[in-house]
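Listing of work19.txt, compact mmCIF, C-alpha atoms
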# COMPACT_ATOMS: atom_id res chain seq x y z
CA MET A 1 250.04 -160.02 160.39
CA VAL A 2 249.55 -157.44 157.63
CA ASN A 3 245.96 -156.47 156.88
CA LYS A 4 245.80 -156.08 153.11
CA LYS A 5 243.16 -153.66 151.93
CA ILE A 6 240.94 -154.52 148.99
CA LYS A 7 241.69 -152.12 146.16
CA ILE A 8 238.60 -150.91 144.33
CA TYR A 9 237.97 -148.62 141.40
CA SER A 10 234.93 -146.62 140.40
CA ASP A 11 234.10 -143.07 139.39
CA ARG A 12 231.18 -140.72 139.98
CA LYS A 13 230.98 -140.09 136.24
CA TYR A 14 229.43 -143.54 135.87
CA LEU A 15 226.52 -142.64 138.15
CA THR A 16 223.14 -142.59 136.42
CA GLN A 17 221.15 -142.28 139.65
CA GLU A 18 221.25 -139.87 142.59
CA GLU A 19 221.92 -142.58 145.14
CA TYR A 20 225.15 -144.58 145.22
CA GLU A 21 226.26 -147.71 147.04
CA PRO A 22 227.28 -147.63 150.75
CA ILE A 23 230.71 -149.09 149.95
CA PHE A 24 231.66 -145.58 148.75
CA PHE A 25 230.38 -143.66 151.80
CA PRO A 26 233.83 -143.47 153.50
CA PHE A 27 235.24 -141.92 150.32
CA TRP A 28 232.35 -139.90 148.84
CA GLY A 29 230.26 -139.22 151.95
CA LYS A 30 226.70 -140.39 152.46
CA SER A 31 224.51 -140.58 149.41
CA PRO A 32 222.65 -137.22 149.22
CA LYS A 33 219.28 -138.87 148.67
CA GLY A 34 219.38 -140.49 152.09
CA LEU A 35 220.54 -137.57 154.24
CA ASP A 36 217.12 -137.18 155.87
CA ASN A 37 216.64 -140.93 156.28
CA GLN A 38 216.03 -141.91 159.90
CA LEU A 39 218.02 -145.10 159.33
CA ASN A 40 221.13 -143.31 158.07
CA CYS A 41 222.90 -144.22 161.32
CA ASN A 42 223.19 -147.70 159.74
CA PHE A 43 226.44 -146.57 158.15
CA ASN A 44 228.13 -144.52 160.89
CA ASP A 45 230.61 -147.19 161.96
CA TYR A 46 231.41 -148.15 158.39
CA ILE A 47 232.02 -144.54 157.35
CA LYS A 48 234.49 -144.28 160.22
CA ASN A 49 236.26 -147.59 159.58
CA GLY A 50 235.76 -148.30 155.88
CA HIS A 51 239.23 -146.99 154.99
CA LEU A 52 240.67 -149.90 156.98
CA TYR A 53 239.20 -152.40 154.52
CA PHE A 54 239.02 -150.68 151.16
CA GLU A 55 241.27 -148.39 149.16
CA MET A 56 240.19 -146.38 146.11
CA VAL A 57 242.83 -146.72 143.38
CA SER A 58 243.19 -146.42 139.61
CA ILE A 59 241.69 -148.91 137.19
CA GLU A 60 245.19 -150.26 136.50
CA ASP A 61 245.94 -150.99 140.18
CA CYS A 62 242.55 -152.20 141.43
CA ASP A 63 241.50 -155.68 142.47
CA PHE A 64 237.88 -155.04 141.51
CA VAL A 65 235.85 -152.53 139.54
CA VAL A 66 232.66 -151.64 141.43
CA LEU A 67 229.41 -150.48 139.87
CA PRO A 68 228.77 -147.29 141.88
CA GLU A 69 225.00 -147.66 142.07
CA LYS A 70 222.29 -150.27 142.47
CA PHE A 71 221.91 -152.32 139.30
CA LYS A 72 218.89 -151.48 137.16
CA LYS A 73 218.36 -153.32 133.89
CA ASN A 74 216.97 -150.25 132.14
CA LYS A 75 220.23 -148.42 132.92
CA LEU A 76 222.36 -151.08 131.25
CA PRO A 77 223.21 -148.99 128.14
CA LEU A 78 224.38 -146.16 130.43
CA ILE A 79 226.63 -148.35 132.58
CA GLN A 80 228.02 -150.29 129.62
CA PRO A 81 231.13 -148.03 129.39
CA LEU A 82 232.17 -149.14 132.89
CA ILE A 83 231.49 -152.79 132.04
CA ASP A 84 233.63 -152.40 128.91
CA LEU A 85 236.39 -150.68 130.88
CA ALA A 86 236.54 -153.55 133.39
CA GLU A 87 236.72 -156.05 130.52
CA LYS A 88 239.43 -154.05 128.76
CA HIS A 89 241.65 -154.16 131.86
CA SER A 90 240.68 -157.77 132.73
CA LYS A 91 239.24 -156.70 136.09
CA PRO A 92 236.26 -158.45 137.72
CA LEU A 93 233.18 -156.28 138.20
CA ILE A 94 231.33 -156.17 141.53
CA ILE A 95 227.60 -155.44 141.44
CA PHE A 96 225.41 -154.79 144.48
CA PHE A 97 221.70 -155.52 144.19
CA ALA A 98 219.86 -154.78 147.44
CA ASP A 99 216.37 -155.39 146.15
CA ASP A 100 213.34 -157.65 146.53
CA SER A 101 213.69 -158.79 142.92
CA GLU A 102 215.16 -162.16 141.91
CA GLU A 103 215.80 -161.09 138.30
CA LYS A 104 218.96 -162.47 136.74
CA ILE A 105 221.91 -160.20 136.04
CA ASN A 106 223.83 -161.56 133.08
CA ILE A 107 227.10 -159.65 132.95
CA LYS A 108 230.33 -161.45 132.17
CA ASN A 109 233.18 -161.58 134.70
CA SER A 110 231.03 -160.19 137.52
CA TYR A 111 230.44 -160.95 141.19
CA ILE A 112 226.90 -160.13 142.29
CA PHE A 113 226.04 -159.48 145.93
CA ARG A 114 222.27 -159.48 146.36
CA THR A 115 219.78 -159.59 149.20
CA SER A 116 217.17 -161.70 147.41
CA LEU A 117 217.98 -164.97 145.69
CA TYR A 118 217.03 -168.64 145.67
CA GLY A 119 219.35 -171.56 146.30
CA LYS A 120 217.69 -173.64 143.59
CA ASN A 121 218.78 -171.32 140.77
CA ARG A 122 221.67 -169.39 142.31
CA ASP A 123 224.54 -168.84 139.90
CA THR A 124 228.14 -169.44 140.99
CA ASN A 125 228.90 -165.72 140.84
CA GLU A 126 225.96 -164.76 143.10
CA PHE A 127 226.34 -164.28 146.84
CA ALA A 128 223.87 -163.45 149.61
CA LEU A 129 224.21 -159.87 150.85
CA PRO A 130 223.34 -159.19 154.50
CA THR A 131 221.26 -156.08 155.04
CA TRP A 132 222.66 -152.82 156.42
CA ASN A 133 221.09 -152.31 159.86
CA GLU A 134 221.41 -149.73 162.58
CA ASP A 135 223.10 -150.99 165.75
CA LEU A 136 219.91 -151.53 167.75
CA LEU A 137 221.85 -152.36 170.90
CA SER A 138 223.67 -149.04 170.75
CA GLU A 139 220.73 -146.92 169.59
CA TYR A 140 218.10 -148.24 172.01
CA CYS A 141 219.88 -150.13 174.82
CA ASN A 142 222.94 -147.96 175.57
CA GLY A 143 225.08 -150.78 174.22
CA GLU A 144 224.12 -153.14 177.06
CA LEU A 145 222.93 -156.64 176.16
CA ASN A 146 219.83 -157.73 178.08
CA ILE A 147 220.36 -161.40 178.91
CA ARG A 148 217.08 -163.26 179.37
CA LYS A 149 216.62 -165.80 182.12
CA LYS A 150 215.84 -169.27 180.83
CA THR A 151 212.28 -170.47 181.49
CA ILE A 152 210.49 -173.77 180.97
CA LYS A 153 208.40 -172.33 178.14
CA PRO A 154 210.31 -170.06 175.74
CA THR A 155 208.70 -166.90 174.37
CA VAL A 156 208.54 -166.10 170.66
CA SER A 157 208.19 -162.45 169.67
CA TYR A 158 206.90 -160.85 166.49
CA CYS A 159 206.00 -157.27 165.67
CA GLY A 160 204.91 -156.54 162.14
CA TYR A 161 202.48 -156.92 159.29
CA THR A 162 201.05 -160.25 158.17
CA LYS A 163 197.96 -159.69 156.07
CA ASN A 164 194.69 -157.85 156.51
CA TRP A 165 191.17 -158.09 155.08
CA LYS A 166 192.26 -156.39 151.86
CA ASP A 167 194.83 -159.13 151.25
CA ILE A 168 192.25 -161.84 152.00
CA ILE A 169 189.86 -160.35 149.44
CA LYS A 170 192.68 -160.16 146.89
CA GLY A 171 193.41 -163.83 147.53
CA LEU A 172 189.78 -164.78 146.96
CA LEU A 173 189.85 -162.84 143.69
CA GLY A 174 193.00 -164.67 142.62
CA VAL A 175 195.21 -161.58 142.88
CA ASP A 176 198.83 -162.30 143.84
CA TYR A 177 199.44 -160.12 146.89
CA GLY A 178 202.78 -161.67 147.79
CA ILE A 179 203.57 -165.06 149.32
CA TRP A 180 205.29 -163.43 152.31
CA ARG A 181 202.02 -162.16 153.81
CA SER A 182 200.51 -165.64 153.80
CA LEU A 183 203.67 -167.22 155.20
CA ARG A 184 203.82 -164.75 158.09
CA TYR A 185 200.13 -165.17 158.79
CA LYS A 186 200.42 -168.97 158.93
CA ALA A 187 203.58 -168.90 161.08
CA VAL A 188 201.94 -166.56 163.60
CA ASP A 189 198.83 -168.75 163.67
CA TYR A 190 200.79 -171.97 164.25
CA ILE A 191 202.78 -170.47 167.11
CA LYS A 192 199.64 -169.11 168.78
CA LYS A 193 198.18 -172.64 168.80
CA ASP A 194 201.32 -174.36 170.11
CA LYS A 195 201.04 -174.92 173.87
CA ARG A 196 204.76 -175.55 174.22
CA VAL A 197 205.66 -171.88 173.79
CA ASN A 198 204.50 -168.46 174.89
CA PHE A 199 204.16 -165.68 172.37
CA ASN A 200 204.22 -161.89 172.31
CA PHE A 201 202.85 -160.66 168.99
CA VAL A 202 202.11 -157.11 167.87
CA ILE A 203 200.26 -157.37 164.55
CA ARG A 204 200.36 -154.25 162.39
CA ASN A 205 197.72 -153.27 159.87
CA ASP A 206 200.23 -152.05 157.32
CA PHE A 207 203.85 -152.33 156.25
CA TRP A 208 206.13 -150.57 158.77
CA ALA A 209 203.02 -149.63 160.77
CA GLY A 210 201.94 -147.29 157.98
CA MET A 211 204.92 -144.98 158.47
CA TYR A 212 205.45 -144.74 154.73
CA LYS A 213 202.88 -142.59 152.98
CA ASN A 214 203.38 -142.35 149.22
CA GLY A 215 207.02 -143.36 149.67
CA ILE A 216 207.72 -140.72 152.34
CA LEU A 217 208.70 -141.67 155.89
CA ASP A 218 206.74 -140.08 158.75
CA SER A 219 209.78 -139.11 160.83
CA LYS A 220 207.70 -138.01 163.84
CA ALA A 221 206.06 -141.41 164.20
CA PHE A 222 209.21 -143.31 163.30
CA ARG A 223 211.02 -143.23 166.64
CA GLY A 224 208.05 -144.39 168.70
CA VAL A 225 207.12 -147.22 166.34
CA ARG A 226 210.74 -148.30 166.07
CA LYS A 227 211.11 -148.31 169.85
CA GLU A 228 208.05 -150.52 170.19
CA TYR A 229 209.50 -152.88 167.58
CA VAL A 230 212.82 -153.15 169.45
CA GLY A 231 210.98 -153.68 172.74
CA ASN A 232 209.08 -156.55 171.17
CA LEU A 233 212.30 -158.17 169.92
CA LEU A 234 213.76 -157.92 173.42
CA SER A 235 210.63 -159.45 174.99
CA GLY A 236 211.23 -162.86 173.46
CA ASP A 237 213.82 -165.62 173.60
CA TYR A 238 213.20 -166.25 169.92
CA ALA A 239 212.22 -163.76 167.21
CA LEU A 240 209.99 -165.02 164.40
CA SER A 241 211.80 -164.18 161.15
CA VAL A 242 209.90 -164.85 157.93
CA ARG A 243 210.85 -163.63 154.47
CA GLY A 244 209.36 -160.41 153.14
CA LYS A 245 208.53 -159.46 149.57
CA GLY A 246 212.09 -160.44 148.70
CA ASN A 247 213.48 -163.84 149.67
CA TYR A 248 215.35 -162.62 152.75
CA SER A 249 214.66 -161.25 156.24
CA ILE A 250 215.96 -157.97 157.67
CA ARG A 251 214.53 -159.00 161.04
CA PHE A 252 216.91 -161.98 161.06
CA TYR A 253 219.90 -159.63 161.44
CA GLU A 254 218.11 -157.25 163.80
CA ALA A 255 217.31 -160.12 166.17
CA LEU A 256 220.96 -161.18 166.20
CA SER A 257 222.06 -157.60 166.94
CA LEU A 258 219.97 -157.70 170.14
CA GLY A 259 221.18 -161.10 171.25
CA ARG A 260 217.97 -162.91 170.35
CA ILE A 261 217.67 -166.18 168.44
CA PRO A 262 215.93 -165.91 165.08
CA LEU A 263 213.17 -168.48 164.60
CA PHE A 264 213.80 -168.62 160.88
CA ILE A 265 211.16 -170.05 158.57
CA ASP A 266 213.12 -171.71 155.76
CA THR A 267 210.92 -172.30 152.72
Entire entry expressed as C-alpha cells:
Amino acid sequence: MVNKKIKIYSDRKYLTQEEYEPIFFPFWGKSPKGLDNQLNCNFNDYIKNGHLYFEMVSIEDCDFVVLPEKFKKNKLPLIQPLIDLAEKHSKPLIIFFADDSEEKINIKNSYIFRTSLYGKNRDTNEFALPTWNEDLLSEYCNGELNIRKKTIKPTVSYCGYTKNWKDIIKGLLGVDYGIWRSLRYKAVDYIKKDKRVNFNFVIRNDFWAGMYKNGILDSKAFRGVRKEYVGNLLSGDYALSVRGKGNYSIRFYEALSLGRIPLFIDT
C-alpha cells in the first residue's frame, strides 16, 4: 500500500506575524517565538515524522494552499495576496484557527480547522481541531501506562481553576466573567455531593496556578505545578473535562494520553 503524502504550498513571504503554524515545523523549524516555551516538546514527534505526511511543493503542484499563520481578521488585507493566489490556481485554502474565539471566517474555497466552534452554527467547511499536547506519558511516566484497579466506587479527578471570590463579585455586578468558570464550579460541586463516586480535586486560585504573569510563563514554577497536575490526572479513573474560555477542552486530550477516561461535560 502506497502512502501518498499531502502536497502543500505556502511561503514565508506571506507571514505577517512572528509565529507560524506547527504544520510547517518539519520544514521551517520551530517558530522562533516559542523557542523558550516549556511546552515546545509538544511538537518533537511531529517535527521528526512530519515529512512522512506532508510535502512542500509549488503552487502549481499542491493539493492545498496553507495560510502560514494563525488567522487574524485585522490581517486580512495583508494575507489577501495568498488568498488571491489560491483562487487564481483553483486551489483550496487551509486555515488553522487555534483560538478561544468563535468568530466566523468568511473566505471562499477554504477549509477551516479550529479549536473552538459550536455544532449549532458550524459551517460545512469548518472542522474541529484537536489541541497540540506534550506526550504526558513519555514526559512524566517514562512511557509506562499506569493501569488502575477497578473499585466499587470510581474516582473522579480535577486539578484547575473554577472561580474565586473576584468572579463571584463580578457575577453579582452583572459582569460577564466567562461561562466556563461557572460550569466548572457547578460540575465540581455536583460531583462532591454525589455519594456514588469518590473525588480528588485540587482547586487553583488562578488560571494555570498563576504561572502566567503579564503573559510570561514562570518557568521555574512550571515543572512542579505541571507534575502535580499530571499526578492528579493519574489519581482518578475519570478526569473531569469541562470547556474553558473557548468551546473545547485541552484536558480532554491530556486525560486520554494518560489512559484516563474523560468525564466530558457536553453543553
Polymer residues at most 10 Å from range 253-255 of chain A, only C-alpha atoms, same-chain spacing of 3 or more positions, as an MDAnalysis selection string: chainID A and resid 130:137 230 233:234 236:241 249:250 258:263
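Taking CA of Ile112 in chain A and CA of Lys48 in chain A as endpoints, the distance between them is 25.1 Å.
With distances restricted to all atoms listed in the file, A:Tyr53 is the closest residue to Lys7 in chain A from A:Trp165, A:Tyr53, A:Phe43, A:Phe25.
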Go ahead and compute the interatomic distance for CA of Asp11 in chain A and CA of Lys30 in chain A, in Å to one decimal. 15.3 Å
Shortest interatomic distance to Arg223 in chain A - which of A:Glu139, A:Leu172, A:Val66, A:Phe264, counting only C-alpha atoms: A:Glu139
Within 10 Å of Tyr46 in chain A, counting all atoms listed in the file, which residues qualify if same-chain residues fewer than 2 places away don't, as JSON, numbers by chain? {"A": [22, 23, 24, 25, 26, 41, 42, 43, 44, 48, 49, 50, 51, 52, 53]}
Please dump the current selection as a PDB file, keeping the file's coordinate frame; keep C-alpha atoms.
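File produced: selection.pdb:
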ATOM      1  CA  PRO A  22     227.280-147.630 150.750  1.00  0.00           C
ATOM      2  CA  ILE A  23     230.710-149.090 149.950  1.00  0.00           C
ATOM      3  CA  PHE A  24     231.660-145.580 148.750  1.00  0.00           C
ATOM      4  CA  PHE A  25     230.380-143.660 151.800  1.00  0.00           C
ATOM      5  CA  PRO A  26     233.830-143.470 153.500  1.00  0.00           C
ATOM      6  CA  CYS A  41     222.900-144.220 161.320  1.00  0.00           C
ATOM      7  CA  ASN A  42     223.190-147.700 159.740  1.00  0.00           C
ATOM      8  CA  PHE A  43     226.440-146.570 158.150  1.00  0.00           C
ATOM      9  CA  ASN A  44     228.130-144.520 160.890  1.00  0.00           C
ATOM     10  CA  LYS A  48     234.490-144.280 160.220  1.00  0.00           C
ATOM     11  CA  ASN A  49     236.260-147.590 159.580  1.00  0.00           C
ATOM     12  CA  GLY A  50     235.760-148.300 155.880  1.00  0.00           C
ATOM     13  CA  HIS A  51     239.230-146.990 154.990  1.00  0.00           C
ATOM     14  CA  LEU A  52     240.670-149.900 156.980  1.00  0.00           C
ATOM     15  CA  TYR A  53     239.200-152.400 154.520  1.00  0.00           C
TER      16      TYR A  53
END
